[in-house]
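K.L.:
Below are the structure tokens for one structure; questions will follow.
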Number of protein chains: 2
Amino acid sequence: MSNKHTAQAGCPVLYALSLIGGKWHLPVIWALSRHKLLRYNELKRNVCGITNMMLSQSLKDLENNGLIKRVQYNEIPPRVEYSLTEAGLSLLPALDELAKWGVKQMVRI
Amino acid sequence: MSNKHTAQAGCPVLYALSLIGGKWHLPVIWALSRHKLLRYNELKRNVCGITNMMLSQSLKDLENNGLIKRVQYNEIPPRVEYSLTEAGLSLLPALDELAKWGVKQMVRI
DNA sequence: CTGCATCCTCTAAGATACTG
DNA sequence: CAGTATCTTAGAGGATGCAG
């Protein structure tokens, strides 16, 4: 799936998936939902297996779509902190609902 | 995204998306949720732009995962009817939740 | 009518190395 | 510390034609 707005004209569900459908988008969101505020390398340690390439790309996508907030401090060494925005936080109930369904399917199969 | 169970060990949301994340899976489910019962060609007409290849593959995936039911009548000409199972129907509330979130994001951006 | 087989394309994802 | 540049690859997605 893609982060592009390839969603068929006007389907909100497909649009939602276009925002969070990337392979690492949800793991990143999940890490931020647990820790509230994380620096780049903390995020990298929390999202097991992700590379710099994938992490920075996911962060950029999510920021462009307004789901996470990036705050950069011009210090030496550099410090950048990431957190969920209101829009990002508001996604969590929907994820919960999907998770509950997912659990039911896992036990069923 | 894929229909394979590539979901990281034990994340219910990723597992859920592995079941419905294919490009045409949700459009098919959506059509069946509106019409309850559809034949192959009716489905094809309802899901705008889908090819035979993609439709039959999506139907097979969804059936294997227990989200839709396939009933075949051995007549001439052949007749096959598709509908949502209990598991498929139980997905709809989660989709609604995701749709509500999607709508909010569409107006925000 | 309801599909399957084949071949092809395109892009998300990953590996590796490098920089301010 | 926080990323970027470049190259490669795997596989989802698609077009077309054939079959029971």
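As shown in the structure tokens, the chain order sets the letters A, B, ...; within each chain, residues go from 1, and ligands are also counted from 1 in the order they appear.
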When you get a sec, could you note down which chain D residues fall within 9 Å of chain B, using only C-alpha atoms (C1' of nucleotides), as a ChimeraX atom specification?
P.N.:
/D:12-14
K.L.:
Can you spit out the residues from that selection as an mmCIF file, in the first residue's frame, using C-alpha atoms (C1' of nucleotides)?
P.N.:
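Heads up, here's the output in again.cif:
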data_model
loop_
_atom_site.group_PDB
_atom_site.id
_atom_site.type_symbol
_atom_site.label_atom_id
_atom_site.label_comp_id
_atom_site.auth_asym_id
_atom_site.auth_seq_id
_atom_site.Cartn_x
_atom_site.Cartn_y
_atom_site.Cartn_z
ATOM 1 C "C1'" DA D 12 1.683 -6.667 -5.328
ATOM 2 C "C1'" DG D 13 -0.872 -5.209 -8.930
ATOM 3 C "C1'" DG D 14 -2.407 -5.265 -13.958
#
K.L.:
If we count only C-alpha atoms (C1' of nucleotides), what is near segment 1-13 of chain C at a cut-off of 7 Å, once residues fewer than 2 positions away on the same chain are taken out, given as a ChimeraX atom specification?
P.N.:
/B:40,56,77-79
K.L.:
May I have the residues from that selection written out with all heavy atoms, as an mmCIF file, in the first residue's frame?
P.N.:
data_model
loop_
_atom_site.group_PDB
_atom_site.id
_atom_site.type_symbol
_atom_site.label_atom_id
_atom_site.label_comp_id
_atom_site.auth_asym_id
_atom_site.auth_seq_id
_atom_site.Cartn_x
_atom_site.Cartn_y
_atom_site.Cartn_z
ATOM 1 N N TYR B 40 -20.864 -13.267 -9.106
ATOM 2 C CA TYR B 40 -19.548 -12.831 -9.548
ATOM 3 C C TYR B 40 -19.616 -11.588 -10.440
ATOM 4 O O TYR B 40 -18.944 -10.586 -10.172
ATOM 5 C CB TYR B 40 -18.862 -13.983 -10.297
ATOM 6 C CG TYR B 40 -17.455 -13.674 -10.721
ATOM 7 C CD1 TYR B 40 -16.374 -13.943 -9.897
ATOM 8 C CD2 TYR B 40 -17.199 -13.109 -11.976
ATOM 9 C CE1 TYR B 40 -15.082 -13.668 -10.290
ATOM 10 C CE2 TYR B 40 -15.909 -12.828 -12.370
ATOM 11 C CZ TYR B 40 -14.855 -13.106 -11.533
ATOM 12 O OH TYR B 40 -13.588 -12.816 -11.924
ATOM 13 N N SER B 56 -11.163 -12.321 -8.675
ATOM 14 C CA SER B 56 -11.143 -13.722 -8.234
ATOM 15 C C SER B 56 -10.084 -13.933 -7.162
ATOM 16 O O SER B 56 -10.277 -14.725 -6.238
ATOM 17 C CB SER B 56 -10.909 -14.650 -9.423
ATOM 18 O OG SER B 56 -9.644 -14.439 -9.982
ATOM 19 N N PRO B 77 -26.217 -21.969 -17.097
ATOM 20 C CA PRO B 77 -24.840 -21.553 -16.828
ATOM 21 C C PRO B 77 -24.541 -21.533 -15.332
ATOM 22 O O PRO B 77 -25.473 -21.465 -14.530
ATOM 23 C CB PRO B 77 -24.795 -20.145 -17.407
ATOM 24 C CG PRO B 77 -26.186 -19.649 -17.321
ATOM 25 C CD PRO B 77 -27.071 -20.842 -17.471
ATOM 26 N N PRO B 78 -23.276 -21.565 -14.990
ATOM 27 C CA PRO B 78 -22.865 -21.599 -13.592
ATOM 28 C C PRO B 78 -23.376 -20.396 -12.814
ATOM 29 O O PRO B 78 -23.529 -19.305 -13.359
ATOM 30 C CB PRO B 78 -21.339 -21.556 -13.665
ATOM 31 C CG PRO B 78 -20.990 -22.002 -15.023
ATOM 32 C CD PRO B 78 -22.122 -21.585 -15.901
ATOM 33 N N ARG B 79 -23.638 -20.599 -11.526
ATOM 34 C CA ARG B 79 -24.035 -19.491 -10.669
ATOM 35 C C ARG B 79 -23.292 -19.613 -9.343
ATOM 36 O O ARG B 79 -23.254 -20.681 -8.753
ATOM 37 C CB ARG B 79 -25.548 -19.508 -10.429
ATOM 38 C CG ARG B 79 -26.045 -18.399 -9.532
ATOM 39 C CD ARG B 79 -27.555 -18.214 -9.698
ATOM 40 N NE ARG B 79 -28.294 -19.434 -9.357
ATOM 41 C CZ ARG B 79 -29.019 -19.565 -8.228
ATOM 42 N NH1 ARG B 79 -29.099 -18.572 -7.373
ATOM 43 N NH2 ARG B 79 -29.677 -20.673 -7.989
#
K.L.:
Compute the set of chain A residues within 6 Å of chain B, using only C-alpha atoms, and express it as a PDB file with all heavy atoms, in the first residue's frame.
P.N.:
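Now in result.pdb:
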ATOM      1  N   MET A   1       0.852  -1.193   0.000  1.00  0.00           N
ATOM      2  CA  MET A   1       0.000   0.000   0.000  1.00  0.00           C
ATOM      3  C   MET A   1       0.878   1.229   0.000  1.00  0.00           C
ATOM      4  O   MET A   1       2.081   1.160   0.104  1.00  0.00           O
ATOM      5  CB  MET A   1      -0.908  -0.005   1.226  1.00  0.00           C
ATOM      6  CG  MET A   1      -2.010   0.996   1.122  1.00  0.00           C
ATOM      7  SD  MET A   1      -3.417   0.479   2.088  1.00  0.00           S
ATOM      8  CE  MET A   1      -3.578  -1.213   1.591  1.00  0.00           C
ATOM      9  N   PRO A  12     -13.486   7.281   2.738  1.00  0.00           N
ATOM     10  CA  PRO A  12     -12.741   7.699   3.928  1.00  0.00           C
ATOM     11  C   PRO A  12     -11.841   6.599   4.477  1.00  0.00           C
ATOM     12  O   PRO A  12     -10.767   6.887   4.996  1.00  0.00           O
ATOM     13  CB  PRO A  12     -13.845   8.038   4.937  1.00  0.00           C
ATOM     14  CG  PRO A  12     -15.078   8.202   4.134  1.00  0.00           C
ATOM     15  CD  PRO A  12     -14.935   7.299   2.964  1.00  0.00           C
ATOM     16  N   VAL A  13     -12.293   5.345   4.382  1.00  0.00           N
ATOM     17  CA  VAL A  13     -11.483   4.254   4.910  1.00  0.00           C
ATOM     18  C   VAL A  13     -10.204   4.108   4.093  1.00  0.00           C
ATOM     19  O   VAL A  13      -9.106   3.979   4.650  1.00  0.00           O
ATOM     20  CB  VAL A  13     -12.262   2.927   4.894  1.00  0.00           C
ATOM     21  CG1 VAL A  13     -11.381   1.795   5.374  1.00  0.00           C
ATOM     22  CG2 VAL A  13     -13.489   3.037   5.775  1.00  0.00           C
ATOM     23  N   ALA A  16      -7.962   6.888   4.975  1.00  0.00           N
ATOM     24  CA  ALA A  16      -7.304   6.635   6.261  1.00  0.00           C
ATOM     25  C   ALA A  16      -6.141   5.669   6.089  1.00  0.00           C
ATOM     26  O   ALA A  16      -5.043   5.910   6.599  1.00  0.00           O
ATOM     27  CB  ALA A  16      -8.313   6.072   7.266  1.00  0.00           C
ATOM     28  N   ALA A  94      -9.820   4.310  16.931  1.00  0.00           N
ATOM     29  CA  ALA A  94     -10.099   3.496  15.749  1.00  0.00           C
ATOM     30  C   ALA A  94      -9.157   2.297  15.692  1.00  0.00           C
ATOM     31  O   ALA A  94      -9.576   1.188  15.346  1.00  0.00           O
ATOM     32  CB  ALA A  94      -9.965   4.340  14.483  1.00  0.00           C
ATOM     33  N   GLU A  97     -10.365  -0.356  18.035  1.00  0.00           N
ATOM     34  CA  GLU A  97     -11.493  -1.101  17.486  1.00  0.00           C
ATOM     35  C   GLU A  97     -11.001  -2.171  16.513  1.00  0.00           C
ATOM     36  O   GLU A  97     -11.429  -3.329  16.554  1.00  0.00           O
ATOM     37  CB  GLU A  97     -12.427  -0.130  16.759  1.00  0.00           C
ATOM     38  CG  GLU A  97     -13.804  -0.664  16.479  1.00  0.00           C
ATOM     39  CD  GLU A  97     -14.583  -0.888  17.779  1.00  0.00           C
ATOM     40  OE1 GLU A  97     -14.280  -0.207  18.799  1.00  0.00           O
ATOM     41  OE2 GLU A  97     -15.489  -1.725  17.762  1.00  0.00           O
ATOM     42  N   LEU A  98     -10.061  -1.764  15.650  1.00  0.00           N
ATOM     43  CA  LEU A  98      -9.495  -2.690  14.681  1.00  0.00           C
ATOM     44  C   LEU A  98      -8.718  -3.792  15.394  1.00  0.00           C
ATOM     45  O   LEU A  98      -8.740  -4.958  14.982  1.00  0.00           O
ATOM     46  CB  LEU A  98      -8.574  -1.922  13.728  1.00  0.00           C
ATOM     47  CG  LEU A  98      -8.407  -2.472  12.320  1.00  0.00           C
ATOM     48  CD1 LEU A  98      -9.759  -2.652  11.641  1.00  0.00           C
ATOM     49  CD2 LEU A  98      -7.515  -1.555  11.496  1.00  0.00           C
ATOM     50  N   ALA A  99      -8.036  -3.442  16.468  1.00  0.00           N
ATOM     51  CA  ALA A  99      -7.260  -4.427  17.222  1.00  0.00           C
ATOM     52  C   ALA A  99      -8.178  -5.478  17.837  1.00  0.00           C
ATOM     53  O   ALA A  99      -7.881  -6.676  17.799  1.00  0.00           O
ATOM     54  CB  ALA A  99      -6.444  -3.727  18.305  1.00  0.00           C
ATOM     55  N   GLY A 102      -9.114  -7.751  15.192  1.00  0.00           N
ATOM     56  CA  GLY A 102      -7.957  -8.565  14.847  1.00  0.00           C
ATOM     57  C   GLY A 102      -7.762  -9.719  15.813  1.00  0.00           C
ATOM     58  O   GLY A 102      -7.495 -10.854  15.398  1.00  0.00           O
ATOM     59  N   VAL A 103      -7.912  -9.441  17.095  1.00  0.00           N
ATOM     60  CA  VAL A 103      -7.747 -10.491  18.099  1.00  0.00           C
ATOM     61  C   VAL A 103      -8.767 -11.603  17.888  1.00  0.00           C
ATOM     62  O   VAL A 103      -8.432 -12.794  17.898  1.00  0.00           O
ATOM     63  CB  VAL A 103      -7.899  -9.904  19.516  1.00  0.00           C
ATOM     64  CG1 VAL A 103      -8.005 -11.025  20.540  1.00  0.00           C
ATOM     65  CG2 VAL A 103      -6.714  -9.011  19.838  1.00  0.00           C
TER      66      VAL A 103
END
K.L.:
Could you work out how far atom CA of Thr85 of chain A lies from atom CA of Lys69 of chain A, giving the answer in Å with one decimal?
P.N.:
5.8 Å
K.L.:
Can you give chain B as a compact mmCIF listing (two decimals) with N, CA and C atoms, in the first residue's frame after you superpose it on chain A, pairing all C-alpha atoms in order for the least-squares fit?
P.N.:
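Done, and the output landed in out23.txt:
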# COMPACT_ATOMS: atom_id res chain seq x y z
N MET B 1 1.12 -1.17 0.72
CA MET B 1 0.23 -0.03 0.43
C MET B 1 1.08 1.24 0.34
N SER B 2 0.41 2.34 0.07
CA SER B 2 1.21 3.53 -0.20
C SER B 2 0.84 4.67 0.72
N ASN B 3 1.73 5.62 0.76
CA ASN B 3 1.45 6.84 1.51
C ASN B 3 0.86 7.90 0.60
N LYS B 4 0.87 7.64 -0.69
CA LYS B 4 0.25 8.56 -1.62
C LYS B 4 -1.27 8.56 -1.42
N HIS B 5 -1.86 9.61 -1.92
CA HIS B 5 -3.32 9.67 -1.81
C HIS B 5 -3.95 8.97 -3.00
N THR B 6 -3.66 7.70 -3.10
CA THR B 6 -4.19 6.90 -4.18
C THR B 6 -5.61 6.45 -3.87
N ALA B 7 -6.09 6.82 -2.70
CA ALA B 7 -7.42 6.39 -2.28
C ALA B 7 -8.46 6.78 -3.33
N GLN B 8 -9.30 5.81 -3.67
CA GLN B 8 -10.36 6.10 -4.62
C GLN B 8 -11.17 7.28 -4.12
N ALA B 9 -11.51 8.12 -5.07
CA ALA B 9 -12.19 9.36 -4.77
C ALA B 9 -13.23 9.19 -3.68
N GLY B 10 -12.94 9.74 -2.52
CA GLY B 10 -13.97 9.90 -1.53
C GLY B 10 -14.24 8.76 -0.58
N CYS B 11 -13.50 7.67 -0.62
CA CYS B 11 -13.72 6.65 0.39
C CYS B 11 -12.87 6.95 1.61
N PRO B 12 -13.51 7.27 2.73
CA PRO B 12 -12.76 7.70 3.92
C PRO B 12 -11.86 6.59 4.47
N VAL B 13 -12.31 5.34 4.36
CA VAL B 13 -11.50 4.25 4.89
C VAL B 13 -10.22 4.10 4.08
N LEU B 14 -10.35 4.13 2.76
CA LEU B 14 -9.15 4.03 1.92
C LEU B 14 -8.25 5.23 2.14
N TYR B 15 -8.87 6.38 2.36
CA TYR B 15 -8.05 7.56 2.64
C TYR B 15 -7.29 7.38 3.95
N ALA B 16 -7.98 6.90 4.96
CA ALA B 16 -7.33 6.65 6.25
C ALA B 16 -6.16 5.69 6.08
N LEU B 17 -6.38 4.63 5.32
CA LEU B 17 -5.31 3.66 5.13
C LEU B 17 -4.16 4.24 4.32
N SER B 18 -4.45 5.21 3.47
CA SER B 18 -3.37 5.83 2.72
C SER B 18 -2.47 6.65 3.65
N LEU B 19 -3.02 7.06 4.79
CA LEU B 19 -2.24 7.84 5.75
C LEU B 19 -1.41 6.95 6.67
N ILE B 20 -1.91 5.77 6.98
CA ILE B 20 -1.24 4.93 7.98
C ILE B 20 -0.85 3.57 7.44
N GLY B 21 -1.01 3.38 6.11
CA GLY B 21 -0.83 2.05 5.55
C GLY B 21 0.62 1.65 5.28
N GLY B 22 1.53 2.58 5.33
CA GLY B 22 2.93 2.21 5.11
C GLY B 22 3.38 1.17 6.13
N LYS B 23 4.37 0.40 5.75
CA LYS B 23 4.77 -0.74 6.58
C LYS B 23 5.17 -0.33 8.00
N TRP B 24 5.81 0.84 8.13
CA TRP B 24 6.34 1.23 9.43
C TRP B 24 5.52 2.33 10.10
N HIS B 25 4.51 2.83 9.44
CA HIS B 25 3.76 3.95 10.00
C HIS B 25 3.10 3.60 11.33
N LEU B 26 2.43 2.46 11.34
CA LEU B 26 1.75 2.09 12.58
C LEU B 26 2.72 1.75 13.71
N PRO B 27 3.78 1.00 13.45
CA PRO B 27 4.75 0.77 14.53
C PRO B 27 5.30 2.08 15.11
N VAL B 28 5.55 3.08 14.26
CA VAL B 28 6.03 4.36 14.77
C VAL B 28 4.97 5.03 15.63
N ILE B 29 3.75 5.05 15.11
CA ILE B 29 2.65 5.67 15.87
C ILE B 29 2.46 4.97 17.21
N TRP B 30 2.56 3.65 17.16
CA TRP B 30 2.38 2.86 18.37
C TRP B 30 3.44 3.19 19.41
N ALA B 31 4.68 3.32 18.97
CA ALA B 31 5.77 3.67 19.89
C ALA B 31 5.52 5.04 20.50
N LEU B 32 5.11 5.99 19.68
CA LEU B 32 4.87 7.35 20.18
C LEU B 32 3.66 7.40 21.11
N SER B 33 2.70 6.52 20.87
CA SER B 33 1.51 6.54 21.73
C SER B 33 1.84 6.01 23.12
N ARG B 34 2.87 5.16 23.20
CA ARG B 34 3.24 4.64 24.52
C ARG B 34 4.16 5.59 25.27
N HIS B 35 5.07 6.26 24.52
CA HIS B 35 6.11 7.04 25.18
C HIS B 35 5.89 8.55 25.15
N LYS B 36 4.84 8.98 24.41
CA LYS B 36 4.49 10.41 24.34
C LYS B 36 5.52 11.25 23.59
N LEU B 37 6.78 11.10 23.94
CA LEU B 37 7.81 11.96 23.37
C LEU B 37 9.09 11.15 23.19
N LEU B 38 9.59 11.13 21.96
CA LEU B 38 10.79 10.33 21.70
C LEU B 38 11.74 11.06 20.76
N ARG B 39 13.03 10.87 20.98
CA ARG B 39 14.03 11.38 20.05
C ARG B 39 14.23 10.36 18.94
N TYR B 40 14.92 10.80 17.89
CA TYR B 40 15.10 9.96 16.72
C TYR B 40 15.67 8.58 17.07
N ASN B 41 16.74 8.57 17.80
CA ASN B 41 17.38 7.28 18.10
C ASN B 41 16.60 6.44 19.10
N GLU B 42 15.88 7.10 19.99
CA GLU B 42 15.01 6.35 20.89
C GLU B 42 13.92 5.65 20.09
N LEU B 43 13.41 6.38 19.13
CA LEU B 43 12.39 5.82 18.25
C LEU B 43 12.95 4.62 17.51
N LYS B 44 14.16 4.77 17.03
CA LYS B 44 14.78 3.69 16.26
C LYS B 44 14.96 2.45 17.13
N ARG B 45 15.30 2.66 18.37
CA ARG B 45 15.46 1.51 19.25
C ARG B 45 14.12 0.88 19.59
N ASN B 46 13.09 1.70 19.64
CA ASN B 46 11.77 1.18 20.01
C ASN B 46 11.08 0.43 18.87
N VAL B 47 11.34 0.88 17.66
CA VAL B 47 10.71 0.20 16.53
C VAL B 47 11.70 -0.81 15.99
N CYS B 48 11.52 -2.04 16.44
CA CYS B 48 12.50 -3.10 16.19
C CYS B 48 12.63 -3.40 14.70
N GLY B 49 13.87 -3.30 14.20
CA GLY B 49 14.14 -3.70 12.84
C GLY B 49 14.10 -2.59 11.80
N ILE B 50 13.71 -1.40 12.21
CA ILE B 50 13.59 -0.32 11.23
C ILE B 50 14.97 0.26 10.92
N THR B 51 15.15 0.69 9.67
CA THR B 51 16.41 1.30 9.27
C THR B 51 16.27 2.81 9.29
N ASN B 52 17.40 3.52 9.20
CA ASN B 52 17.36 4.97 9.15
C ASN B 52 16.51 5.46 7.99
N MET B 53 16.72 4.83 6.83
CA MET B 53 15.97 5.19 5.64
C MET B 53 14.47 5.16 5.91
N MET B 54 14.02 4.01 6.38
CA MET B 54 12.58 3.80 6.58
C MET B 54 12.04 4.69 7.68
N LEU B 55 12.82 4.85 8.76
CA LEU B 55 12.34 5.67 9.86
C LEU B 55 12.19 7.12 9.44
N SER B 56 13.21 7.67 8.81
CA SER B 56 13.12 9.09 8.44
C SER B 56 12.02 9.30 7.41
N GLN B 57 11.84 8.34 6.52
CA GLN B 57 10.78 8.48 5.53
C GLN B 57 9.40 8.43 6.18
N SER B 58 9.23 7.48 7.10
CA SER B 58 7.94 7.38 7.79
C SER B 58 7.65 8.63 8.60
N LEU B 59 8.68 9.12 9.27
CA LEU B 59 8.48 10.33 10.08
C LEU B 59 8.07 11.51 9.20
N LYS B 60 8.70 11.61 8.04
CA LYS B 60 8.38 12.71 7.15
C LYS B 60 6.94 12.59 6.65
N ASP B 61 6.58 11.37 6.24
CA ASP B 61 5.20 11.14 5.78
C ASP B 61 4.19 11.51 6.85
N LEU B 62 4.43 10.99 8.05
CA LEU B 62 3.47 11.21 9.13
C LEU B 62 3.40 12.68 9.50
N GLU B 63 4.54 13.36 9.44
CA GLU B 63 4.53 14.79 9.74
C GLU B 63 3.78 15.56 8.66
N ASN B 64 4.04 15.23 7.41
CA ASN B 64 3.34 15.90 6.30
C ASN B 64 1.83 15.72 6.41
N ASN B 65 1.42 14.57 6.91
CA ASN B 65 -0.01 14.31 7.04
C ASN B 65 -0.57 14.80 8.37
N GLY B 66 0.27 15.44 9.16
CA GLY B 66 -0.20 16.07 10.38
C GLY B 66 -0.49 15.13 11.53
N LEU B 67 0.09 13.92 11.48
CA LEU B 67 -0.18 12.97 12.56
C LEU B 67 0.86 13.05 13.66
N ILE B 68 2.06 13.52 13.35
CA ILE B 68 3.07 13.68 14.38
C ILE B 68 3.67 15.08 14.29
N LYS B 69 4.25 15.48 15.42
CA LYS B 69 4.85 16.80 15.51
C LYS B 69 6.35 16.64 15.68
N ARG B 70 7.12 17.44 14.96
CA ARG B 70 8.57 17.37 15.01
C ARG B 70 9.10 18.67 15.59
N VAL B 71 9.87 18.56 16.67
CA VAL B 71 10.46 19.76 17.26
C VAL B 71 11.97 19.61 17.27
N GLN B 72 12.62 20.58 16.63
CA GLN B 72 14.06 20.51 16.47
C GLN B 72 14.75 21.56 17.34
N TYR B 73 15.73 21.12 18.12
CA TYR B 73 16.51 22.04 18.95
C TYR B 73 17.88 22.22 18.31
N ASN B 74 18.26 23.43 18.05
CA ASN B 74 19.53 23.66 17.38
C ASN B 74 20.67 23.67 18.39
N GLU B 75 21.04 22.47 18.79
CA GLU B 75 22.12 22.32 19.75
C GLU B 75 23.21 21.46 19.11
N ILE B 76 24.31 21.36 19.80
CA ILE B 76 25.34 20.42 19.42
C ILE B 76 25.56 19.48 20.60
N PRO B 77 25.29 18.17 20.40
CA PRO B 77 24.78 17.52 19.20
C PRO B 77 23.30 17.81 18.98
N PRO B 78 22.84 17.62 17.77
CA PRO B 78 21.46 17.92 17.43
C PRO B 78 20.47 17.12 18.27
N ARG B 79 19.31 17.70 18.53
CA ARG B 79 18.26 16.99 19.24
C ARG B 79 16.93 17.26 18.55
N VAL B 80 16.21 16.19 18.28
CA VAL B 80 14.91 16.33 17.64
C VAL B 80 13.93 15.44 18.39
N GLU B 81 12.79 16.01 18.74
CA GLU B 81 11.80 15.24 19.48
C GLU B 81 10.50 15.09 18.69
N TYR B 82 9.97 13.88 18.74
CA TYR B 82 8.74 13.58 18.02
C TYR B 82 7.62 13.23 18.99
N SER B 83 6.40 13.62 18.62
CA SER B 83 5.24 13.27 19.43
C SER B 83 4.00 13.24 18.54
N LEU B 84 2.94 12.66 19.06
CA LEU B 84 1.69 12.63 18.30
C LEU B 84 0.98 13.97 18.39
N THR B 85 0.35 14.38 17.29
CA THR B 85 -0.50 15.57 17.32
C THR B 85 -1.90 15.16 17.80
N GLU B 86 -2.79 16.14 17.90
CA GLU B 86 -4.19 15.83 18.21
C GLU B 86 -4.75 14.84 17.20
N ALA B 87 -4.46 15.09 15.93
CA ALA B 87 -4.96 14.20 14.87
C ALA B 87 -4.43 12.79 15.06
N GLY B 88 -3.16 12.69 15.43
CA GLY B 88 -2.56 11.38 15.66
C GLY B 88 -3.20 10.68 16.83
N LEU B 89 -3.40 11.43 17.91
CA LEU B 89 -4.02 10.85 19.10
C LEU B 89 -5.44 10.39 18.81
N SER B 90 -6.14 11.14 17.98
CA SER B 90 -7.54 10.81 17.70
C SER B 90 -7.69 9.54 16.88
N LEU B 91 -6.57 9.06 16.36
CA LEU B 91 -6.61 7.81 15.61
C LEU B 91 -6.69 6.59 16.52
N LEU B 92 -6.18 6.74 17.73
CA LEU B 92 -6.02 5.58 18.61
C LEU B 92 -7.31 4.80 18.88
N PRO B 93 -8.44 5.46 19.11
CA PRO B 93 -9.67 4.69 19.32
C PRO B 93 -10.01 3.80 18.12
N ALA B 94 -9.83 4.31 16.92
CA ALA B 94 -10.10 3.50 15.73
C ALA B 94 -9.16 2.30 15.68
N LEU B 95 -7.90 2.54 16.04
CA LEU B 95 -6.95 1.43 16.06
C LEU B 95 -7.36 0.38 17.08
N ASP B 96 -7.84 0.84 18.22
CA ASP B 96 -8.31 -0.08 19.25
C ASP B 96 -9.41 -0.98 18.72
N GLU B 97 -10.35 -0.35 18.03
CA GLU B 97 -11.47 -1.11 17.48
C GLU B 97 -10.97 -2.17 16.50
N LEU B 98 -10.04 -1.76 15.65
CA LEU B 98 -9.46 -2.67 14.68
C LEU B 98 -8.67 -3.77 15.39
N ALA B 99 -8.01 -3.41 16.46
CA ALA B 99 -7.23 -4.39 17.21
C ALA B 99 -8.13 -5.44 17.84
N LYS B 100 -9.26 -4.99 18.37
CA LYS B 100 -10.20 -5.95 18.97
C LYS B 100 -10.67 -6.95 17.94
N TRP B 101 -10.98 -6.44 16.76
CA TRP B 101 -11.41 -7.32 15.67
C TRP B 101 -10.28 -8.28 15.29
N GLY B 102 -9.07 -7.73 15.20
CA GLY B 102 -7.91 -8.55 14.85
C GLY B 102 -7.71 -9.70 15.81
N VAL B 103 -7.86 -9.42 17.10
CA VAL B 103 -7.69 -10.46 18.11
C VAL B 103 -8.71 -11.58 17.90
N LYS B 104 -9.96 -11.18 17.64
CA LYS B 104 -10.99 -12.19 17.42
C LYS B 104 -10.64 -13.09 16.23
N GLN B 105 -10.10 -12.47 15.18
CA GLN B 105 -9.76 -13.26 13.99
C GLN B 105 -8.58 -14.17 14.26
N MET B 106 -7.64 -13.72 15.08
CA MET B 106 -6.46 -14.54 15.37
C MET B 106 -6.85 -15.81 16.09
N VAL B 107 -7.73 -15.69 17.06
CA VAL B 107 -8.12 -16.89 17.80
C VAL B 107 -9.01 -17.78 16.93
N ARG B 108 -9.80 -17.17 16.04
CA ARG B 108 -10.71 -17.96 15.22
C ARG B 108 -9.95 -18.82 14.22
N ILE B 109 -8.89 -18.29 13.66
CA ILE B 109 -8.13 -19.04 12.66
C ILE B 109 -6.99 -19.80 13.33
K.L.:
Run DSSP on the backbone and tell me which residues of chain A come out as helix (DSSP H, G or I); list them as a VMD selection string.
P.N.:
chain A and resid 12 to 20 25 to 35 40 to 46 52 to 64 86 to 89 92 to 108
K.L.:
If you keep C-alpha atoms, can you produce a file of those selected residues as a compact mmCIF listing (two decimals), in the first residue's frame?
P.N.:
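What landed in again09.txt:
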# COMPACT_ATOMS: atom_id res chain seq x y z
CA PRO A 12 -12.74 7.70 3.93
CA VAL A 13 -11.48 4.25 4.91
CA LEU A 14 -9.14 4.04 1.94
CA TYR A 15 -8.04 7.56 2.66
CA ALA A 16 -7.30 6.64 6.26
CA LEU A 17 -5.30 3.63 5.11
CA SER A 18 -3.36 5.83 2.72
CA LEU A 19 -2.22 7.82 5.75
CA ILE A 20 -1.23 4.90 7.97
CA HIS A 25 3.78 3.93 10.00
CA LEU A 26 1.77 2.07 12.59
CA PRO A 27 4.78 0.77 14.53
CA VAL A 28 6.06 4.35 14.77
CA ILE A 29 2.67 5.66 15.87
CA TRP A 30 2.41 2.84 18.37
CA ALA A 31 5.79 3.66 19.90
CA LEU A 32 4.88 7.34 20.18
CA SER A 33 1.51 6.53 21.73
CA ARG A 34 3.26 4.64 24.52
CA HIS A 35 6.13 7.05 25.18
CA TYR A 40 15.12 9.98 16.71
CA ASN A 41 17.41 7.34 18.12
CA GLU A 42 15.03 6.40 20.90
CA LEU A 43 12.40 5.84 18.25
CA LYS A 44 14.82 3.73 16.26
CA ARG A 45 15.51 1.54 19.27
CA ASN A 46 11.80 1.20 20.03
CA ASN A 52 17.38 4.97 9.12
CA MET A 53 15.99 5.12 5.63
CA MET A 54 12.59 3.77 6.59
CA LEU A 55 12.36 5.65 9.86
CA SER A 56 13.15 9.07 8.43
CA GLN A 57 10.81 8.47 5.54
CA SER A 58 7.97 7.35 7.78
CA LEU A 59 8.51 10.32 10.08
CA LYS A 60 8.42 12.70 7.14
CA ASP A 61 5.24 11.13 5.77
CA LEU A 62 3.49 11.19 9.12
CA GLU A 63 4.55 14.77 9.73
CA ASN A 64 3.36 15.88 6.30
CA GLU A 86 -4.16 15.81 18.20
CA ALA A 87 -4.95 14.19 14.88
CA GLY A 88 -2.55 11.37 15.65
CA LEU A 89 -4.00 10.82 19.09
CA LEU A 92 -6.01 5.55 18.61
CA PRO A 93 -9.67 4.69 19.32
CA ALA A 94 -10.10 3.50 15.75
CA LEU A 95 -6.95 1.39 16.06
CA ASP A 96 -8.33 -0.10 19.26
CA GLU A 97 -11.49 -1.10 17.49
CA LEU A 98 -9.49 -2.69 14.68
CA ALA A 99 -7.26 -4.43 17.22
CA LYS A 100 -10.24 -5.96 18.99
CA TRP A 101 -11.45 -7.34 15.68
CA GLY A 102 -7.96 -8.57 14.85
CA VAL A 103 -7.75 -10.49 18.10
CA LYS A 104 -11.06 -12.21 17.41
CA GLN A 105 -9.83 -13.27 13.98
CA MET A 106 -6.55 -14.58 15.34
CA VAL A 107 -8.22 -16.91 17.77
CA ARG A 108 -10.83 -17.95 15.22
K.L.:
Within chain A, find each residue whose DSSP state, derived from the backbone, is strand (DSSP E), and express the selection as a ChimeraX atom specification.
P.N.:
/A:38-39,68-73,79-84
K.L.:
Which residues are close to DT8 of chain D, i.e. within 10 Å by only C-alpha atoms (C1' of nucleotides), leaving aside same-chain residues fewer than 2 positions away? Reply as a PyMOL selection string.
P.N.:
(chain C and resi 14-15) or (chain D and resi 6+10)
